[in-house]
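Worksheet: one structure, shown below.
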2 protein chains.
Amino acid sequence: MVGPSGKKEKVDKAGPSGGGKKKKDVKKETGLGLSVKKDENFGEWYSEVCKHEMIEYYDISGCYILRPWSMAIWEIMQTFFDAEIKKMKVKNCYFPLFVSPGVLEKEKDHIEGFAPEVAWVTKSGKSDLEVPIAIRPTSETVMYPYYSKWIRGHRDLPLKLNQWCNVVRWEFSNPTPFIRSREFLWQEGHTAFATKEEADKEVLEILELYRRIYEEYLAVPVVKGMKSENEKFAGGLYTTSVEAFIPNTGRGVQGATSHCLGQNFAKMFEINFENEKGETEMVWQNSWAYSTRTIGVMIMTHGDDKGLILPPKVASVQVVVIPVPYKDANTQGIFDACTATVSALSEAGIRAEEDLRDNYSPGWKYSNWEMKGVPLRIEIGPRDLENDQVRTVRRDNGAKEDIPRGSLVEHVKELLEKIQENMYEVAKAKREACVEEIKTWDEFIVALNKKKLILAPWCDEEEVERDVKARTKGETGAAKTLCSPFEQPELPEGTLCFASGKPAKKWTYWGRSY
Amino acid sequence: MVGPSGKKEKVDKAGPSGGGKKKKDVKKETGLGLSVKKDENFGEWYSEVCKHEMIEYYDISGCYILRPWSMAIWEIMQTFFDAEIKKMKVKNCYFPLFVSPGVLEKEKDHIEGFAPEVAWVTKSGKSDLEVPIAIRPTSETVMYPYYSKWIRGHRDLPLKLNQWCNVVRWEFSNPTPFIRSREFLWQEGHTAFATKEEADKEVLEILELYRRIYEEYLAVPVVKGMKSENEKFAGGLYTTSVEAFIPNTGRGVQGATSHCLGQNFAKMFEINFENEKGETEMVWQNSWAYSTRTIGVMIMTHGDDKGLILPPKVASVQVVVIPVPYKDANTQGIFDACTATVSALSEAGIRAEEDLRDNYSPGWKYSNWEMKGVPLRIEIGPRDLENDQVRTVRRDNGAKEDIPRGSLVEHVKELLEKIQENMYEVAKAKREACVEEIKTWDEFIVALNKKKLILAPWCDEEEVERDVKARTKGETGAAKTLCSPFEQPELPEGTLCFASGKPAKKWTYWGRSY
């Protein structure tokens, strides 16, 4: 295959060890390699991939250690998002981890949504607390009593705060690293406006940032859309989200949410302001969040039977440089070339590392860095030294190329961009192959069993969604709405709801979900 | 007074309202101004200053809301420190908030130090947990079981991890914003080395970063030194710290600590490695932390009767630009000049804001921004417009200067540097005026009652420190060692300990402390 640069590329057909040994041998010798395939046992595969070295399982169920390999990804996303919201005049703050019960329970729908998952502190040292104190599952009720205090007149608006913090939801079903954990890291933005128009506008601006995190950084395609009444944020007016889809399990996954809370919390917490005419009005509020779940979605989307595949934009190591010495070769010369290569790349702002360990073979190193998902490998052996070139090997498609050292930096930059684009395109094609447009209940059930991402005409009635859930309840979980995409296909006059037979109001994505 | 720039400077003698009104009037009309003086009621003064707008008191005692005004300071320090430790190859990670009791209690001295302050989660939703779970007061026991797993051979060392997180210590005595709160933000670094030499070296490298945070960023002078056996970290080998001093209360305050843990935790958690000879050895460990306490120390050090004074390097707004229109003046021209001034400063990387609110007088605005501690104010009135100049007013000393608009940026840059330096020099002079070198118990008691920072020759025996504590126990708290400074004055042969009469081994700072 000939790449856009005009050079010949070879697709790597070798096994995951890369160095000539068969996978099984390497696995036996070194513990390297995955013991299951992504298509065969997805859950086990995911757990194994996460262990290299994104997370470590912890001795409290549902809690996980984020190791530097995943934390670096979180930090890169954080740098992007934090700068973007600062441009929007959002300011960072920090509210306490603890909530007193009275405040937590003030908004009825809201607390109903969260109550079963709230962790309670009842003791300090050996003493019982007078009143149990909750750990924040989210901070609406933590923050809004103070919004009420701080907002007096129209000049205090808009109020736009954000915090980067941990939250706790003591869930009992299926803890999964990144995707569903009892403690997780997130940002939560909480804003208040004088008018609904301003609030509506911000909901979509933030949603666009979430889309960019997924599509531009994590190379994961998402659908922007509106959540159903059943699935919206407890206590809010409406919820928008970016939704991803995992073809292997046929499950949707809510990627991030941007809520318009309307005036419901404003009413409960008395967040009023005096408008320019001297009249008292209630504010309009939004809240929006994305979490470390993003990392899990990325792993599920891109990983393969060799391990992780990290998109270059979020990889803490974008390029790993590995010396490939032979018995009689100029080993020192090769090592020096590796170091010089890393220096040149680092100076150009590319995150590069060399692996000069003398107790592992090149083949072992190839497997090891493939497992960890580094987007590009550079090999330097005697022949490369002779020809003043390096060999590049792409993690996403295994393509190999020989690159003259004179044009190293431009080539590597170009390759990293290509990898980023290709990862997105491949993921998008896979997801699109799963979308199935259906019209009837029978088609729906067939598609659901085929793990499809189902696009169906719907009457948009809460009761009908509850009914679909009840009728599909099974071992693998009930189907529900994922979102109604903002980009709606045409809905011909007279189209009927697939579930109720009533007139359809919109196209909506349905499926099982995480 | 003539500044180094050769221009005439006038020191502002006006009251805090700045706009001609007397303080009392402004206070009455607007709620502006502090109701107590720093020298008269320090505790009340501190609480009032914090409320503008660093923190907000929270409905759970000992918990505080960090508002954007203080959060921005934390973020600036974080950016500096995070970059520095990354240069030292420290990597960020995130360990869970929760600790299981078995692990928490594994290191006996350590848990004795923290047990009374540990908050316990015992319920989720309406269910009791099988085993109560602790919230981390610090993460040694959270992390080290995994260090034991991850560290196998000498090639796994050094292991250098850090996390930015919240910790909880449910203290009951004197909650004070920033200085002593039940939840606070910090970074905690945890490193493991093959040799004690490497660990020792890192302890001091980190301590130097802490010194830089205090002296270069917060303009707070600190002493680097060694904590006594009584005061060192529970379970560690030795503790170094940077110590600040608050002249108004005569109390020392531990600014940040860098601990060498020795091999004690390594022993408890079996953190071993195979050295190059194939023998099993235990690692040497450090841990080090600084917290949002830094912000409290800064407020206490610099604030005055007008409110906060923020060092330019950490102020989220370094320059506030205020229009001073008169009845017949060219108001629009003045407003445009303000906006142009902010643009010019912002483009040069100076954090500048304008205050164009039309419902407040210039005088009110002066007081308001003085209260919030903005380092430099720029006023633009009709005369300034005419002369193509602006007037600058320094927050630290009230000095005023007229600056031609043509050289605005250079002048403001220079002024901000001068303010930063002057704040440090003033604070240092104040602290040095408090240091009292003593030799006898009687001198010690006199100095203690005079709220001095006492430098005394000491025999360095634990029992003697306990005895001093017991003998000075009173309403304002017992005296104890703050640190033995690394820069030791000469200790003449035959000098005796001020407290025990035994031969003195070193000079040590003593005092009451936060």
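Order determines the names: the first chain of the structure tokens is A, the second B, and so forth; residues in each chain are numbered 1 upward, and ligands are numbered 1 upward as they are shown.
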_If you run DSSP on the backbone here, which positions in region 129-302 of chain B get helix (DSSP H, G or I)? Please write them as a PyMOL selection string._
chain B and resi 140-150+154-156+196-217+264-268+293-302
_Polymer residues at most 10 Å from Ser316 (chain B), only C-alpha atoms, same-chain spacing of 6 or more positions, as a ChimeraX atom specification_ = /B:68-73,75-76,310,350-353,374
_Residue neighbourhood Val168 (chain A), 10 Å, only C-alpha atoms, exclusion window fewer than 2 positions, as JSON, numbers by chain_ = {"A": [63, 97, 117, 118, 119, 134, 135, 136, 137, 138, 166, 170, 171, 181, 182, 183, 184, 185], "B": [97]}
Can I get the selected residues back with C-alpha atoms, as a compact mmCIF listing (two decimals), in the first residue's frame?
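Saved the output as result.txt:
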# COMPACT_ATOMS: atom_id res chain seq x y z
CA CYS A 63 -12.52 1.57 43.62
CA LEU A 97 -16.79 16.83 49.79
CA GLU A 117 -25.99 5.42 46.15
CA VAL A 118 -25.04 7.97 48.79
CA ALA A 119 -22.19 7.06 51.16
CA ALA A 134 -23.20 12.53 53.12
CA ILE A 135 -20.37 12.39 50.59
CA ARG A 136 -21.25 14.32 47.43
CA PRO A 137 -22.60 12.17 44.59
CA THR A 138 -22.72 15.46 42.60
CA ASN A 166 -13.87 13.38 43.10
CA TRP A 170 -21.86 3.65 46.04
CA GLU A 171 -23.24 1.50 43.24
CA SER A 181 -16.73 2.98 39.78
CA ARG A 182 -17.72 4.00 43.28
CA GLU A 183 -15.40 6.98 43.29
CA PHE A 184 -14.47 8.82 40.14
CA LEU A 185 -12.85 12.05 39.01
CA LEU B 97 -10.35 8.27 48.74
*asked:* Set the cut-off to 7 Å and count only C-alpha atoms: what are the residues of chain B that reach chain A? Output as a list in words.
replied: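 Filtering chain B at 7 Å from chain A with only C-alpha atoms gives Ile60, Cys63, Tyr64, Ile65, Leu66, Arg67, Pro68, Met71, Lys91, Asn92, Cys93, Tyr94, Phe95, Pro96, Ser100, Ala115, Pro116, Glu117, Val118, Ala119, Trp120, Val121, Thr122, Lys123, Ser124, Gly125, Lys126 and Trp170 of chain B.
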*Contacts of Glu44 (chain B) within 12 Å, only C-alpha atoms, excl. fewer than 3 positions in-chain, as a VMD selection string*: chain B and resid 34 to 41 47 to 51 176 to 177 300 305
Keeping only N, CA, C and O atoms, write the selected residues to a file as a compact mmCIF listing (two decimals), in the first residue's frame.
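Resulting contents of part10.txt:
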# COMPACT_ATOMS: atom_id res chain seq x y z
N LEU B 34 -13.41 46.74 56.65
CA LEU B 34 -13.36 45.73 57.70
C LEU B 34 -13.84 46.36 59.00
O LEU B 34 -13.63 47.54 59.25
N SER B 35 -14.47 45.56 59.85
CA SER B 35 -14.98 46.12 61.10
C SER B 35 -13.96 46.03 62.22
O SER B 35 -14.15 46.61 63.27
N VAL B 36 -12.87 45.27 62.02
CA VAL B 36 -11.82 45.19 63.06
C VAL B 36 -10.45 45.39 62.44
O VAL B 36 -10.26 45.19 61.24
N LYS B 37 -9.50 45.78 63.28
CA LYS B 37 -8.13 45.97 62.80
C LYS B 37 -7.30 44.72 63.07
O LYS B 37 -7.51 44.01 64.04
N LYS B 38 -6.29 44.52 62.22
CA LYS B 38 -5.42 43.35 62.33
C LYS B 38 -4.77 43.28 63.71
O LYS B 38 -4.66 42.19 64.28
N ASP B 39 -4.33 44.44 64.23
CA ASP B 39 -3.63 44.43 65.52
C ASP B 39 -4.57 44.27 66.70
O ASP B 39 -4.14 43.89 67.78
N GLU B 40 -5.84 44.58 66.50
CA GLU B 40 -6.75 44.60 67.64
C GLU B 40 -7.39 43.24 67.91
O GLU B 40 -7.50 42.81 69.04
N ASN B 41 -7.87 42.61 66.86
CA ASN B 41 -8.49 41.28 67.02
C ASN B 41 -8.12 40.45 65.80
O ASN B 41 -8.86 40.40 64.81
N SER B 47 -10.79 36.22 59.79
CA SER B 47 -12.05 35.66 59.31
C SER B 47 -12.74 36.62 58.33
O SER B 47 -13.21 36.21 57.26
N GLU B 48 -12.73 37.91 58.67
CA GLU B 48 -13.36 38.90 57.77
C GLU B 48 -12.64 39.01 56.43
O GLU B 48 -13.27 39.08 55.37
N VAL B 49 -11.31 39.04 56.51
CA VAL B 49 -10.52 39.17 55.29
C VAL B 49 -10.76 37.96 54.37
O VAL B 49 -10.92 38.10 53.16
N CYS B 50 -10.79 36.79 54.96
CA CYS B 50 -11.01 35.57 54.17
C CYS B 50 -12.33 35.63 53.41
O CYS B 50 -12.45 35.11 52.31
N LYS B 51 -13.30 36.27 54.05
CA LYS B 51 -14.63 36.32 53.42
C LYS B 51 -14.67 37.20 52.17
O LYS B 51 -15.66 37.20 51.44
N THR B 176 -10.03 26.79 61.33
CA THR B 176 -9.64 28.10 60.80
C THR B 176 -9.50 27.96 59.29
O THR B 176 -8.82 27.05 58.84
N PRO B 177 -10.14 28.85 58.51
CA PRO B 177 -10.06 28.71 57.05
C PRO B 177 -8.61 28.54 56.60
O PRO B 177 -7.73 29.25 57.09
N MET B 300 -2.46 35.83 56.25
CA MET B 300 -2.05 36.31 57.58
C MET B 300 -0.82 37.21 57.50
O MET B 300 -0.71 38.20 58.20
N ASP B 305 -5.27 46.51 57.39
CA ASP B 305 -6.59 46.95 57.85
C ASP B 305 -7.54 47.28 56.71
O ASP B 305 -8.73 47.49 56.92
_Sel. of strand (DSSP E or B) residues, region 152-262 of chain A, as a VMD selection string_ = chain A and resid 153 159 to 168 176 180 183 to 193 223 to 226 238 to 246 251 to 262
*Would you please work out which residue, of A:Arg251, A:Lys452, A:Arg395, A:Arg212, is nearest to Gly307 (chain A) when using only C-alpha atoms?*
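Answer, going by the shortest atom-to-atom distance: A:Arg395.
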_Using only C-alpha atoms, which protein or nucleic acid residues come within 6 Å of Val283 (chain B)? Drop anything in the same chain fewer than 2 positions from it, and give the result as a PyMOL selection string._
chain B and resi 192-194+272
*Could you give me, as a ChimeraX atom specification, the residues within 10 Å of region 503-505 of chain A, counting only C-alpha atoms and dropping anything in the same chain fewer than 3 positions from it?*
/A:456-461,491-500,508
Create the file for the chosen residues now, containing N, CA and C atoms and written as a PDB file, in the first residue's frame.
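Output saved as result.pdb:
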ATOM      1  N   ALA A 456     -34.823   4.346  15.773  1.00  0.00           N
ATOM      2  CA  ALA A 456     -36.236   3.989  15.597  1.00  0.00           C
ATOM      3  C   ALA A 456     -37.124   5.217  15.713  1.00  0.00           C
ATOM      4  N   PRO A 457     -38.233   5.227  14.956  1.00  0.00           N
ATOM      5  CA  PRO A 457     -39.208   6.310  15.117  1.00  0.00           C
ATOM      6  C   PRO A 457     -39.991   6.085  16.412  1.00  0.00           C
ATOM      7  N   TRP A 458     -40.150   7.167  17.198  1.00  0.00           N
ATOM      8  CA  TRP A 458     -40.710   7.010  18.550  1.00  0.00           C
ATOM      9  C   TRP A 458     -41.746   8.094  18.808  1.00  0.00           C
ATOM     10  N   CYS A 459     -42.733   7.716  19.625  1.00  0.00           N
ATOM     11  CA  CYS A 459     -43.783   8.678  19.955  1.00  0.00           C
ATOM     12  C   CYS A 459     -43.363   9.630  21.081  1.00  0.00           C
ATOM     13  N   ASP A 460     -42.193   9.365  21.693  1.00  0.00           N
ATOM     14  CA  ASP A 460     -41.632  10.239  22.735  1.00  0.00           C
ATOM     15  C   ASP A 460     -42.495  10.274  23.992  1.00  0.00           C
ATOM     16  N   GLU A 461     -43.111   9.136  24.335  1.00  0.00           N
ATOM     17  CA  GLU A 461     -43.897   9.092  25.575  1.00  0.00           C
ATOM     18  C   GLU A 461     -43.170   8.273  26.642  1.00  0.00           C
ATOM     19  N   LEU A 491     -38.400  12.363   8.818  1.00  0.00           N
ATOM     20  CA  LEU A 491     -39.431  11.498   9.398  1.00  0.00           C
ATOM     21  C   LEU A 491     -40.697  11.674   8.556  1.00  0.00           C
ATOM     22  N   PRO A 492     -40.953  10.744   7.641  1.00  0.00           N
ATOM     23  CA  PRO A 492     -42.099  10.938   6.730  1.00  0.00           C
ATOM     24  C   PRO A 492     -43.405  11.026   7.514  1.00  0.00           C
ATOM     25  N   GLU A 493     -44.261  11.906   7.057  1.00  0.00           N
ATOM     26  CA  GLU A 493     -45.612  12.072   7.621  1.00  0.00           C
ATOM     27  C   GLU A 493     -46.253  10.685   7.743  1.00  0.00           C
ATOM     28  N   GLY A 494     -46.858  10.434   8.888  1.00  0.00           N
ATOM     29  CA  GLY A 494     -47.564   9.165   9.049  1.00  0.00           C
ATOM     30  C   GLY A 494     -46.712   8.031   9.580  1.00  0.00           C
ATOM     31  N   THR A 495     -45.399   8.298   9.831  1.00  0.00           N
ATOM     32  CA  THR A 495     -44.561   7.245  10.411  1.00  0.00           C
ATOM     33  C   THR A 495     -45.050   6.935  11.816  1.00  0.00           C
ATOM     34  N   LEU A 496     -45.076   5.650  12.156  1.00  0.00           N
ATOM     35  CA  LEU A 496     -45.593   5.260  13.465  1.00  0.00           C
ATOM     36  C   LEU A 496     -44.472   4.851  14.404  1.00  0.00           C
ATOM     37  N   CYS A 497     -44.744   4.992  15.681  1.00  0.00           N
ATOM     38  CA  CYS A 497     -43.790   4.581  16.713  1.00  0.00           C
ATOM     39  C   CYS A 497     -43.620   3.065  16.647  1.00  0.00           C
ATOM     40  N   PHE A 498     -42.347   2.617  16.689  1.00  0.00           N
ATOM     41  CA  PHE A 498     -42.074   1.173  16.565  1.00  0.00           C
ATOM     42  C   PHE A 498     -42.658   0.383  17.728  1.00  0.00           C
ATOM     43  N   ALA A 499     -42.869   1.060  18.872  1.00  0.00           N
ATOM     44  CA  ALA A 499     -43.263   0.323  20.068  1.00  0.00           C
ATOM     45  C   ALA A 499     -44.739   0.474  20.394  1.00  0.00           C
ATOM     46  N   SER A 500     -45.275   1.686  20.161  1.00  0.00           N
ATOM     47  CA  SER A 500     -46.658   1.934  20.584  1.00  0.00           C
ATOM     48  C   SER A 500     -47.644   1.978  19.421  1.00  0.00           C
ATOM     49  N   THR A 508     -35.085   8.184  17.392  1.00  0.00           N
ATOM     50  CA  THR A 508     -34.351   8.070  18.652  1.00  0.00           C
ATOM     51  C   THR A 508     -33.467   6.821  18.614  1.00  0.00           C
TER      52      THR A 508
END
*Extract, using only C-alpha atoms, all DNA, RNA and protein residues at most 7 Å from region 274-281 of chain A, discarding same-chain residues fewer than 3 positions from it, and format them as an NGL selection string.*
:A and (152-154)
Deliver the residues from the most recent selection as a file, using all heavy atoms, as a PDB file, in the first residue's frame.
ATOM      1  N   ARG A 152     -27.567  38.444  43.877  1.00  0.00           N
ATOM      2  CA  ARG A 152     -28.537  39.419  44.384  1.00  0.00           C
ATOM      3  C   ARG A 152     -29.211  40.164  43.234  1.00  0.00           C
ATOM      4  O   ARG A 152     -30.421  40.210  43.141  1.00  0.00           O
ATOM      5  CB  ARG A 152     -27.820  40.439  45.287  1.00  0.00           C
ATOM      6  CG  ARG A 152     -27.283  39.846  46.573  1.00  0.00           C
ATOM      7  CD  ARG A 152     -28.418  39.630  47.555  1.00  0.00           C
ATOM      8  NE  ARG A 152     -28.002  38.881  48.720  1.00  0.00           N
ATOM      9  CZ  ARG A 152     -28.745  37.944  49.291  1.00  0.00           C
ATOM     10  NH1 ARG A 152     -29.928  37.626  48.814  1.00  0.00           N
ATOM     11  NH2 ARG A 152     -28.324  37.308  50.362  1.00  0.00           N
ATOM     12  N   GLY A 153     -28.369  40.745  42.372  1.00  0.00           N
ATOM     13  CA  GLY A 153     -28.930  41.544  41.282  1.00  0.00           C
ATOM     14  C   GLY A 153     -28.465  41.030  39.935  1.00  0.00           C
ATOM     15  O   GLY A 153     -27.639  40.113  39.855  1.00  0.00           O
ATOM     16  N   HIS A 154     -28.990  41.639  38.891  1.00  0.00           N
ATOM     17  CA  HIS A 154     -28.660  41.164  37.539  1.00  0.00           C
ATOM     18  C   HIS A 154     -27.178  41.303  37.224  1.00  0.00           C
ATOM     19  O   HIS A 154     -26.656  40.605  36.371  1.00  0.00           O
ATOM     20  CB  HIS A 154     -29.510  41.915  36.501  1.00  0.00           C
ATOM     21  CG  HIS A 154     -29.315  43.404  36.527  1.00  0.00           C
ATOM     22  ND1 HIS A 154     -28.423  44.033  35.697  1.00  0.00           N
ATOM     23  CD2 HIS A 154     -29.881  44.366  37.291  1.00  0.00           C
ATOM     24  CE1 HIS A 154     -28.455  45.336  35.956  1.00  0.00           C
ATOM     25  NE2 HIS A 154     -29.343  45.560  36.908  1.00  0.00           N
TER      26      HIS A 154
END
*Counting only C-alpha atoms, figure out which residue out of B:Pro382, B:Gly189, B:Pro312, B:Pro485 gets nearest to Tyr290 (chain B).*
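The answer is B:Gly189, which sits nearest to Tyr290 (chain B).
Distances to Glu432 (chain B) were evaluated for B:Leu453, B:Glu417, B:Arg405, B:Gly225 using only C-alpha atoms, and the minimum falls at B:Leu453.
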_Distance in Å - CA of Ile454 (chain A) versus CA of Gly511 (chain A)_ = 6.1 Å
*So which one's closest to Ser148 (chain B), B:Leu415, B:Ala447, B:Ile271, B:Cys434? Using only C-alpha atoms, please.*
B:Ile271
*Between A:Asn264, A:Thr341, A:Ser346, A:Ser173, which is the closest to Pro404 (chain A) once you count only C-alpha atoms?*
A:Thr341
